[in-house]
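This is work22.pdb. It holds PDB, C-alpha atoms, pLDDT in the B column.
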ATOM      1  CA  MET W   1      38.903  12.616 -24.452  1.00 59.00           C
ATOM      2  CA  LEU W   2      40.439  15.945 -25.364  1.00 63.00           C
ATOM      3  CA  GLY W   3      41.289  19.051 -23.476  1.00 76.00           C
ATOM      4  CA  ILE W   4      38.534  21.502 -24.375  1.00 91.00           C
ATOM      5  CA  TYR W   5      36.587  20.485 -21.281  1.00 94.00           C
ATOM      6  CA  ASP W   6      37.733  20.822 -17.685  1.00 95.00           C
ATOM      7  CA  ASN W   7      36.789  17.207 -16.996  1.00 97.00           C
ATOM      8  CA  GLU W   8      34.942  14.355 -18.698  1.00 96.00           C
ATOM      9  CA  MET W   9      33.586  10.912 -17.898  1.00 97.00           C
ATOM     10  CA  LYS W  10      31.760   8.081 -19.636  1.00 98.00           C
ATOM     11  CA  LEU W  11      29.598   5.331 -18.228  1.00 98.00           C
ATOM     12  CA  GLU W  12      28.068   2.315 -19.940  1.00 98.00           C
ATOM     13  CA  PHE W  13      25.753  -0.130 -18.245  1.00 98.00           C
ATOM     14  CA  ALA W  14      23.069  -2.710 -18.955  1.00 98.00           C
ATOM     15  CA  SER W  15      19.516  -1.403 -19.264  1.00 97.00           C
ATOM     16  CA  LYS W  16      18.300  -2.838 -15.974  1.00 96.00           C
ATOM     17  CA  SER W  17      16.130  -0.743 -13.701  1.00 95.00           C
ATOM     18  CA  THR W  18      18.392  -1.553 -10.737  1.00 96.00           C
ATOM     19  CA  ASN W  19      20.970   0.654 -12.517  1.00 97.00           C
ATOM     20  CA  GLU W  20      18.780   3.773 -12.343  1.00 97.00           C
ATOM     21  CA  ALA W  21      19.993   4.606  -8.844  1.00 97.00           C
ATOM     22  CA  PHE W  22      23.585   3.801  -9.829  1.00 98.00           C
ATOM     23  CA  ALA W  23      23.346   6.163 -12.821  1.00 98.00           C
ATOM     24  CA  ARG W  24      21.904   9.178 -11.006  1.00 98.00           C
ATOM     25  CA  ILE W  25      24.225   8.789  -8.001  1.00 98.00           C
ATOM     26  CA  SER W  26      27.301   8.440 -10.260  1.00 98.00           C
ATOM     27  CA  VAL W  27      26.443  11.554 -12.257  1.00 98.00           C
ATOM     28  CA  ALA W  28      25.711  13.470  -9.041  1.00 98.00           C
ATOM     29  CA  ALA W  29      29.069  12.385  -7.619  1.00 98.00           C
ATOM     30  CA  PHE W  30      30.829  13.608 -10.764  1.00 98.00           C
ATOM     31  CA  ALA W  31      28.883  16.892 -10.766  1.00 98.00           C
ATOM     32  CA  SER W  32      29.749  17.535  -7.135  1.00 97.00           C
ATOM     33  CA  GLN W  33      33.200  18.862  -8.148  1.00 96.00           C
ATOM     34  CA  LEU W  34      31.386  22.001  -9.334  1.00 97.00           C
ATOM     35  CA  ASP W  35      30.246  22.516  -5.741  1.00 96.00           C
ATOM     36  CA  PRO W  36      26.507  22.580  -6.521  1.00 97.00           C
ATOM     37  CA  THR W  37      23.804  23.274  -3.953  1.00 96.00           C
ATOM     38  CA  ILE W  38      21.724  20.369  -2.644  1.00 95.00           C
ATOM     39  CA  ASP W  39      18.838  21.576  -4.810  1.00 96.00           C
ATOM     40  CA  GLU W  40      20.949  21.724  -7.969  1.00 97.00           C
ATOM     41  CA  LEU W  41      22.246  18.222  -7.284  1.00 97.00           C
ATOM     42  CA  ALA W  42      18.683  16.980  -6.735  1.00 97.00           C
ATOM     43  CA  ASP W  43      17.632  18.491 -10.091  1.00 98.00           C
ATOM     44  CA  ILE W  44      20.489  16.693 -11.861  1.00 98.00           C
ATOM     45  CA  LYS W  45      19.661  13.377 -10.175  1.00 98.00           C
ATOM     46  CA  THR W  46      15.998  13.649 -11.113  1.00 98.00           C
ATOM     47  CA  ALA W  47      16.710  14.547 -14.755  1.00 98.00           C
ATOM     48  CA  VAL W  48      19.221  11.682 -15.098  1.00 98.00           C
ATOM     49  CA  SER W  49      16.784   9.244 -13.508  1.00 98.00           C
ATOM     50  CA  GLU W  50      14.077  10.231 -16.012  1.00 97.00           C
ATOM     51  CA  ALA W  51      16.396   9.941 -19.029  1.00 98.00           C
ATOM     52  CA  VAL W  52      17.802   6.561 -17.967  1.00 98.00           C
ATOM     53  CA  THR W  53      14.321   5.217 -17.185  1.00 97.00           C
ATOM     54  CA  ASN W  54      13.240   6.244 -20.701  1.00 96.00           C
ATOM     55  CA  CYS W  55      16.145   4.295 -22.256  1.00 97.00           C
ATOM     56  CA  ILE W  56      15.193   1.207 -20.254  1.00 96.00           C
ATOM     57  CA  ILE W  57      11.419   1.148 -20.596  1.00 94.00           C
ATOM     58  CA  HIS W  58      10.914   2.880 -23.957  1.00 95.00           C
ATOM     59  CA  GLY W  59      14.213   2.567 -25.844  1.00 97.00           C
ATOM     60  CA  TYR W  60      14.820  -1.093 -25.071  1.00 97.00           C
ATOM     61  CA  GLU W  61      11.288  -1.911 -23.838  1.00 93.00           C
ATOM     62  CA  ASN W  62      12.741  -4.002 -21.021  1.00 78.00           C
ATOM     63  CA  THR W  63      15.005  -6.056 -23.282  1.00 91.00           C
ATOM     64  CA  ILE W  64      18.703  -5.781 -22.485  1.00 93.00           C
ATOM     65  CA  GLY W  65      20.756  -3.144 -24.250  1.00 97.00           C
ATOM     66  CA  ILE W  66      23.469  -0.679 -23.299  1.00 98.00           C
ATOM     67  CA  VAL W  67      22.749   2.750 -21.846  1.00 98.00           C
ATOM     68  CA  LYS W  68      25.535   5.291 -22.322  1.00 98.00           C
ATOM     69  CA  ILE W  69      26.164   8.406 -20.266  1.00 98.00           C
ATOM     70  CA  GLU W  70      28.752  11.054 -21.054  1.00 98.00           C
ATOM     71  CA  CYS W  71      29.362  14.029 -18.800  1.00 98.00           C
ATOM     72  CA  LYS W  72      31.475  17.071 -19.530  1.00 98.00           C
ATOM     73  CA  LEU W  73      32.375  19.866 -17.173  1.00 97.00           C
ATOM     74  CA  LYS W  74      33.289  23.300 -18.464  1.00 96.00           C
ATOM     75  CA  ASP W  75      33.581  26.355 -16.209  1.00 94.00           C
ATOM     76  CA  ASN W  76      30.461  26.208 -14.063  1.00 95.00           C
ATOM     77  CA  SER W  77      28.382  23.930 -16.288  1.00 97.00           C
ATOM     78  CA  ILE W  78      27.773  20.226 -16.662  1.00 98.00           C
ATOM     79  CA  GLU W  79      26.641  18.745 -19.963  1.00 98.00           C
ATOM     80  CA  ILE W  80      25.090  15.288 -19.761  1.00 98.00           C
ATOM     81  CA  GLN W  81      24.399  13.050 -22.755  1.00 98.00           C
ATOM     82  CA  ILE W  82      22.321   9.931 -22.224  1.00 98.00           C
ATOM     83  CA  SER W  83      21.763   7.609 -25.164  1.00 98.00           C
ATOM     84  CA  ASP W  84      20.453   4.227 -26.180  1.00 98.00           C
ATOM     85  CA  THR W  85      20.441   2.250 -29.415  1.00 98.00           C
ATOM     86  CA  GLY W  86      16.862   1.129 -28.924  1.00 97.00           C
ATOM     87  CA  LYS W  87      13.715   1.612 -30.926  1.00 96.00           C
ATOM     88  CA  GLY W  88      13.768   5.409 -31.117  1.00 97.00           C
ATOM     89  CA  ILE W  89      10.911   7.916 -31.114  1.00 95.00           C
ATOM     90  CA  VAL W  90       8.793   8.448 -34.233  1.00 94.00           C
ATOM     91  CA  ASP W  91       7.370  11.844 -33.229  1.00 93.00           C
ATOM     92  CA  VAL W  92       9.650  13.679 -30.799  1.00 94.00           C
ATOM     93  CA  GLU W  93       7.429  16.764 -30.523  1.00 93.00           C
ATOM     94  CA  GLN W  94       4.474  14.641 -29.482  1.00 92.00           C
ATOM     95  CA  ALA W  95       6.604  12.681 -27.010  1.00 93.00           C
ATOM     96  CA  LYS W  96       7.737  15.926 -25.361  1.00 92.00           C
ATOM     97  CA  LYS W  97       4.183  17.060 -24.639  1.00 90.00           C
ATOM     98  CA  PRO W  98       3.341  17.018 -20.915  1.00 89.00           C
ATOM     99  CA  LEU W  99       1.374  13.934 -19.864  1.00 88.00           C
ATOM    100  CA  TYR W 100       1.825  12.239 -23.245  1.00 89.00           C
ATOM    101  CA  THR W 101       2.683   8.584 -22.730  1.00 90.00           C
ATOM    102  CA  THR W 102       2.628   5.474 -24.868  1.00 89.00           C
ATOM    103  CA  LYS W 103       2.380   3.377 -21.729  1.00 85.00           C
ATOM    104  CA  ALA W 104      -0.577   4.804 -19.785  1.00 78.00           C
ATOM    105  CA  ASN W 105      -1.789   1.280 -18.997  1.00 77.00           C
ATOM    106  CA  LEU W 106       1.409   0.818 -16.995  1.00 82.00           C
ATOM    107  CA  GLU W 107       0.668   3.921 -14.907  1.00 86.00           C
ATOM    108  CA  ARG W 108       3.344   6.020 -16.546  1.00 88.00           C
ATOM    109  CA  SER W 109       2.873   9.678 -15.741  1.00 87.00           C
ATOM    110  CA  GLY W 110       4.120  11.116 -19.056  1.00 90.00           C
ATOM    111  CA  MET W 111       6.194  13.687 -17.172  1.00 93.00           C
ATOM    112  CA  GLY W 112       9.731  12.542 -17.976  1.00 95.00           C
ATOM    113  CA  PHE W 113      10.653  15.041 -20.707  1.00 96.00           C
ATOM    114  CA  THR W 114       8.871  17.882 -18.885  1.00 95.00           C
ATOM    115  CA  ILE W 115      10.956  17.198 -15.767  1.00 96.00           C
ATOM    116  CA  MET W 116      14.223  17.147 -17.747  1.00 97.00           C
ATOM    117  CA  GLU W 117      13.242  20.345 -19.534  1.00 96.00           C
ATOM    118  CA  SER W 118      12.262  22.259 -16.406  1.00 95.00           C
ATOM    119  CA  PHE W 119      15.003  21.014 -14.065  1.00 97.00           C
ATOM    120  CA  MET W 120      17.896  21.591 -16.500  1.00 98.00           C
ATOM    121  CA  ASP W 121      18.941  24.813 -18.296  1.00 98.00           C
ATOM    122  CA  GLU W 122      19.294  23.306 -21.774  1.00 98.00           C
ATOM    123  CA  PHE W 123      17.614  20.205 -23.139  1.00 97.00           C
ATOM    124  CA  LYS W 124      17.616  18.502 -26.545  1.00 97.00           C
ATOM    125  CA  VAL W 125      16.207  15.224 -27.869  1.00 97.00           C
ATOM    126  CA  GLU W 126      17.568  13.561 -30.994  1.00 98.00           C
ATOM    127  CA  SER W 127      16.004  10.330 -32.136  1.00 97.00           C
ATOM    128  CA  ILE W 128      15.884   8.096 -35.182  1.00 97.00           C
ATOM    129  CA  PRO W 129      13.381   5.214 -35.229  1.00 97.00           C
ATOM    130  CA  GLU W 130      15.102   1.800 -34.980  1.00 96.00           C
ATOM    131  CA  ILE W 131      18.488   3.525 -34.415  1.00 97.00           C
ATOM    132  CA  GLY W 132      18.133   5.075 -31.002  1.00 97.00           C
ATOM    133  CA  THR W 133      17.659   8.187 -28.903  1.00 98.00           C
ATOM    134  CA  LYS W 134      20.093  10.705 -27.478  1.00 98.00           C
ATOM    135  CA  ILE W 135      19.262  13.260 -24.795  1.00 98.00           C
ATOM    136  CA  THR W 136      21.619  16.195 -24.285  1.00 98.00           C
ATOM    137  CA  MET W 137      21.089  18.436 -21.302  1.00 98.00           C
ATOM    138  CA  LYS W 138      23.094  21.084 -19.553  1.00 98.00           C
ATOM    139  CA  LYS W 139      22.953  22.747 -16.192  1.00 98.00           C
ATOM    140  CA  TYR W 140      24.754  25.836 -14.984  1.00 97.00           C
ATOM    141  CA  ILE W 141      25.849  25.422 -11.388  1.00 96.00           C
ATOM    142  CA  ASN W 142      25.739  28.208  -8.809  1.00 85.00           C
ATOM    143  CA  LYS W 143      23.935  30.377 -11.326  1.00 73.00           C
ATOM    144  CA  GLU W 144      22.168  32.363  -8.613  1.00 68.00           C
ATOM    145  CA  LYS W 145      25.324  32.892  -6.595  1.00 65.00           C
ATOM    146  CA  GLN W 146      27.165  34.172  -9.678  1.00 62.00           C
ATOM    147  CA  GLU W 147      24.361  36.489 -10.709  1.00 62.00           C
ATOM    148  CA  GLU W 148      24.467  38.070  -7.260  1.00 60.00           C
ATOM    149  CA  THR W 149      28.173  38.944  -7.410  1.00 55.00           C
TER     150      THR W 149
ATOM    151  CA  MET V   1       8.095   0.356   3.682  1.00 93.00           C
ATOM    152  CA  ASP V   2       6.097  -0.027   6.890  1.00 95.00           C
ATOM    153  CA  CYS V   3       2.343  -0.120   7.045  1.00 96.00           C
ATOM    154  CA  ILE V   4       0.245   0.806  10.083  1.00 97.00           C
ATOM    155  CA  TYR V   5      -3.530   0.432  10.313  1.00 97.00           C
ATOM    156  CA  VAL V   6      -5.637   2.027  13.045  1.00 97.00           C
ATOM    157  CA  PRO V   7      -9.045   0.259  12.970  1.00 97.00           C
ATOM    158  CA  LYS V   8     -10.985   2.748  15.124  1.00 97.00           C
ATOM    159  CA  ASP V   9     -10.130   5.594  12.709  1.00 97.00           C
ATOM    160  CA  LYS V  10     -10.057   3.362   9.619  1.00 97.00           C
ATOM    161  CA  LEU V  11      -6.702   5.015   8.991  1.00 98.00           C
ATOM    162  CA  LEU V  12      -3.972   3.341   6.937  1.00 98.00           C
ATOM    163  CA  THR V  13      -0.470   4.812   6.942  1.00 98.00           C
ATOM    164  CA  PHE V  14       2.355   3.797   4.637  1.00 98.00           C
ATOM    165  CA  LYS V  15       5.766   4.850   5.836  1.00 98.00           C
ATOM    166  CA  LEU V  16       7.753   4.848   2.626  1.00 97.00           C
ATOM    167  CA  SER V  17      11.479   4.521   3.021  1.00 93.00           C
ATOM    168  CA  GLU V  18      13.140   3.778  -0.290  1.00 86.00           C
ATOM    169  CA  ASP V  19      14.185   5.843  -3.297  1.00 94.00           C
ATOM    170  CA  ILE V  20      11.009   5.735  -5.366  1.00 97.00           C
ATOM    171  CA  ASP V  21      11.913   5.140  -9.000  1.00 96.00           C
ATOM    172  CA  ASP V  22      10.936   2.761 -11.786  1.00 94.00           C
ATOM    173  CA  ASN V  23      12.914   0.002 -10.061  1.00 95.00           C
ATOM    174  CA  GLN V  24      10.761   0.182  -6.914  1.00 95.00           C
ATOM    175  CA  THR V  25       7.269   1.042  -8.146  1.00 95.00           C
ATOM    176  CA  ASP V  26       6.092  -2.447  -9.154  1.00 94.00           C
ATOM    177  CA  LYS V  27       6.944  -3.861  -5.752  1.00 95.00           C
ATOM    178  CA  LEU V  28       5.384  -0.916  -3.898  1.00 97.00           C
ATOM    179  CA  ARG V  29       2.255  -1.007  -6.047  1.00 96.00           C
ATOM    180  CA  ARG V  30       1.613  -4.657  -5.212  1.00 96.00           C
ATOM    181  CA  LYS V  31       2.156  -4.222  -1.472  1.00 97.00           C
ATOM    182  CA  ILE V  32       0.102  -1.033  -1.217  1.00 98.00           C
ATOM    183  CA  ASP V  33      -2.845  -2.391  -3.210  1.00 97.00           C
ATOM    184  CA  ASN V  34      -2.840  -5.500  -1.055  1.00 97.00           C
ATOM    185  CA  GLU V  35      -3.161  -3.478   2.145  1.00 97.00           C
ATOM    186  CA  ILE V  36      -5.745  -1.071   0.740  1.00 97.00           C
ATOM    187  CA  THR V  37      -8.039  -3.803  -0.539  1.00 96.00           C
ATOM    188  CA  ARG V  38      -7.584  -5.729   2.702  1.00 96.00           C
ATOM    189  CA  PHE V  39      -8.449  -2.877   5.107  1.00 97.00           C
ATOM    190  CA  LEU V  40     -10.632  -0.630   2.912  1.00 97.00           C
ATOM    191  CA  PRO V  41      -9.468   2.428   4.931  1.00 97.00           C
ATOM    192  CA  ARG V  42     -11.404   5.674   5.126  1.00 97.00           C
ATOM    193  CA  LYS V  43      -8.146   7.566   4.919  1.00 98.00           C
ATOM    194  CA  THR V  44      -4.778   6.535   3.515  1.00 98.00           C
ATOM    195  CA  ILE V  45      -1.623   8.474   4.346  1.00 98.00           C
ATOM    196  CA  PHE V  46       1.651   8.220   2.457  1.00 98.00           C
ATOM    197  CA  ASP V  47       4.354   9.381   4.843  1.00 98.00           C
ATOM    198  CA  PHE V  48       7.442  10.539   2.929  1.00 98.00           C
ATOM    199  CA  SER V  49       9.647  11.270   6.008  1.00 97.00           C
ATOM    200  CA  ASN V  50      12.254   8.712   4.980  1.00 97.00           C
ATOM    201  CA  VAL V  51      12.118   9.210   1.221  1.00 97.00           C
ATOM    202  CA  THR V  52      15.127  11.090  -0.132  1.00 95.00           C
ATOM    203  CA  PHE V  53      14.344  10.724  -3.827  1.00 97.00           C
ATOM    204  CA  MET V  54      11.355  10.236  -6.111  1.00 98.00           C
ATOM    205  CA  ASP V  55      10.987  10.627  -9.883  1.00 97.00           C
ATOM    206  CA  SER V  56       8.018  10.563 -12.265  1.00 96.00           C
ATOM    207  CA  ALA V  57       7.662   6.787 -11.913  1.00 96.00           C
ATOM    208  CA  GLY V  58       6.569   7.557  -8.331  1.00 96.00           C
ATOM    209  CA  ILE V  59       3.987  10.060  -9.548  1.00 95.00           C
ATOM    210  CA  GLY V  60       2.550   7.449 -11.922  1.00 95.00           C
ATOM    211  CA  MET V  61       2.391   4.917  -9.095  1.00 96.00           C
ATOM    212  CA  LEU V  62       0.699   7.386  -6.695  1.00 96.00           C
ATOM    213  CA  LEU V  63      -1.867   8.470  -9.294  1.00 94.00           C
ATOM    214  CA  GLY V  64      -2.791   4.825  -9.764  1.00 95.00           C
ATOM    215  CA  ARG V  65      -3.255   4.368  -5.996  1.00 96.00           C
ATOM    216  CA  TYR V  66      -5.261   7.599  -5.873  1.00 96.00           C
ATOM    217  CA  LYS V  67      -7.676   6.175  -8.442  1.00 95.00           C
ATOM    218  CA  LEU V  68      -8.047   2.931  -6.486  1.00 96.00           C
ATOM    219  CA  ILE V  69      -8.628   4.768  -3.181  1.00 97.00           C
ATOM    220  CA  LYS V  70     -11.211   7.087  -4.785  1.00 96.00           C
ATOM    221  CA  MET V  71     -12.999   4.142  -6.318  1.00 96.00           C
ATOM    222  CA  LEU V  72     -13.234   2.550  -2.861  1.00 96.00           C
ATOM    223  CA  GLY V  73     -14.606   5.794  -1.413  1.00 96.00           C
ATOM    224  CA  GLY V  74     -11.546   6.767   0.635  1.00 97.00           C
ATOM    225  CA  GLU V  75      -9.293   9.795   0.971  1.00 97.00           C
ATOM    226  CA  LEU V  76      -5.583  10.100   0.330  1.00 97.00           C
ATOM    227  CA  ALA V  77      -3.006  12.369   1.932  1.00 97.00           C
ATOM    228  CA  ILE V  78       0.720  12.835   1.473  1.00 97.00           C
ATOM    229  CA  THR V  79       2.877  14.081   4.334  1.00 97.00           C
ATOM    230  CA  ASN V  80       6.472  15.071   5.059  1.00 97.00           C
ATOM    231  CA  ALA V  81       7.724  15.254   1.484  1.00 97.00           C
ATOM    232  CA  ASN V  82      11.244  16.706   1.276  1.00 96.00           C
ATOM    233  CA  LYS V  83      12.170  19.488  -1.130  1.00 96.00           C
ATOM    234  CA  GLN V  84      13.119  17.218  -4.034  1.00 96.00           C
ATOM    235  CA  VAL V  85       9.909  15.196  -3.755  1.00 97.00           C
ATOM    236  CA  GLU V  86       7.794  18.335  -3.278  1.00 97.00           C
ATOM    237  CA  LYS V  87       9.274  19.811  -6.462  1.00 96.00           C
ATOM    238  CA  ILE V  88       8.072  16.790  -8.444  1.00 96.00           C
ATOM    239  CA  PHE V  89       4.578  17.083  -6.926  1.00 95.00           C
ATOM    240  CA  GLU V  90       4.500  20.789  -7.696  1.00 95.00           C
ATOM    241  CA  LEU V  91       5.468  20.218 -11.329  1.00 95.00           C
ATOM    242  CA  SER V  92       2.811  17.543 -11.744  1.00 92.00           C
ATOM    243  CA  ARG V  93       0.165  19.890 -10.259  1.00 91.00           C
ATOM    244  CA  ASN V  94       1.235  22.652 -12.662  1.00 91.00           C
ATOM    245  CA  ILE V  95       1.065  20.331 -15.662  1.00 87.00           C
ATOM    246  CA  LYS V  96      -2.367  19.135 -14.586  1.00 83.00           C
ATOM    247  CA  ASN V  97      -3.679  22.695 -14.104  1.00 85.00           C
ATOM    248  CA  ASN V  98      -2.284  23.831 -17.446  1.00 82.00           C
ATOM    249  CA  SER V  99      -3.765  20.893 -19.290  1.00 77.00           C
ATOM    250  CA  ASN V 100      -7.153  21.486 -17.635  1.00 72.00           C
ATOM    251  CA  SER V 101      -7.325  25.218 -18.352  1.00 62.00           C
ATOM    252  CA  GLY V 102      -5.419  25.373 -21.612  1.00 47.00           C
ATOM    253  CA  GLY V 103      -7.149  22.410 -23.227  1.00 42.00           C
TER     254      GLY V 103
END

How does the structure come out when it is put into structure tokens?
Amino acid sequence: MLGIYDNEMKLEFASKSTNEAFARISVAAFASQLDPTIDELADIKTAVSEAVTNCIIHGYENTIGIVKIECKLKDNSIEIQISDTGKGIVDVEQAKKPLYTTKANLERSGMGFTIMESFMDEFKVESIPEIGTKITMKKYINKEKQEET
Amino acid sequence: MDCIYVPKDKLLTFKLSEDIDDNQTDKLRRKIDNEITRFLPRKTIFDFSNVTFMDSAGIGMLLGRYKLIKMLGGELAITNANKQVEKIFELSRNIKNNSNSGG
């Protein structure tokens, strides 16, 4: 970890759904040093929950693999990378479409990417089939407060 | 999660109390479907007073229950959702409206 960021952290954990709460609470705890509002923190928790759930149910399809999270703070922003080395996504554009799901029979809503995209300020999906998927998202904290001053 | 049934009103209320994510939905789905098929309520209420967090796994679970309740001729209502939960509902309504009008 080098000094171009104000602070950084990494997390690695097994792809078990019991870790979804652990992941979103850990990232929220780390983000709280930027003094976010309750709403901003809720947005971050929701986006992280969606990304981690995707790694577990789509990336590894409920087999056990490792989910990685990296967070970087710089000025008033948090960048969050969430990745797996699972089966990857063949057509990312299709996967990003609202309500698209490969698992409709399991009552999946198909909203995961749409939530990440609308709750965060920047959002990117990189995926290679059979190699894995990496989500990079960024949120600017206290944006409204800063625009006012 | 607590479940209260009022026979004279055929009213079934689920008081949800956990973080509703992919880790919880299977368990909730089983319990809720059990109660619904047992009582065949006219109205089912999901009370979110004690829910601090829900993600899209919760939406998927609720849509599934909605279909079951409709099929059995009942009504569904959601009450006391906090801001985080309401934001998820709002986004899912917007997506639904856009996909209906925009094709």

Practice item. Just the residues within 10 Å of Arg24 (chain W), please, counting all atoms listed in the file, with nothing from its chain fewer than 4 positions along; format it as a list in words. Key: Asn19, Glu20, Ala28, Ala29, Phe30, Leu41, Ala42, Ile44, Lys45, Thr46, Ala47, Val48, Ser49, Glu50, Ala51 and Val52 of chain W

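Near chain V, within 8 Å and using all atoms listed in the file, the residues of chain W are W:Ser17, W:Thr18, W:Glu20, W:Asp39, W:Ala42, W:Asp43, W:Thr46, W:Ser49, W:Glu50, W:Thr53, W:Pro98, W:Leu99, W:Glu107, W:Arg108, W:Ser109, W:Gly110, W:Met111, W:Gly112, W:Ile115.
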
Practice item. Work out how far apart CA of Lys67 (chain V) and CA of Ile89 (chain W) are and give it in Å to one decimal. Key: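 CA of Ile89 (chain W) lies 29.4 Å from CA of Lys67 (chain V).
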
**Study point:** Contacts of region 7-13 of chain V within 10 Å, only C-alpha atoms, excl. fewer than 2 positions in-chain, as a ChimeraX atom specification
**Key:** /V:2-5,15-16,35-36,39-47,74-78

Practice item. Find the distance between CA of Ser83 (chain W) and CA of Cys55 (chain W) and write it in Å to one decimal. Key: 7.1 Å

Check your understanding: Do you have the CA of Thr85 (chain W)-CA of Ile131 (chain W) distance handy?
Key -> 5.5 Å

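Applied to the file shown here, the PyMOL selection byres ((chain V and resi 48) around 6) selects Leu16, Asp47, Ser49, Asn50, Val51, Thr79, Asn80 and Ala81 of chain V.
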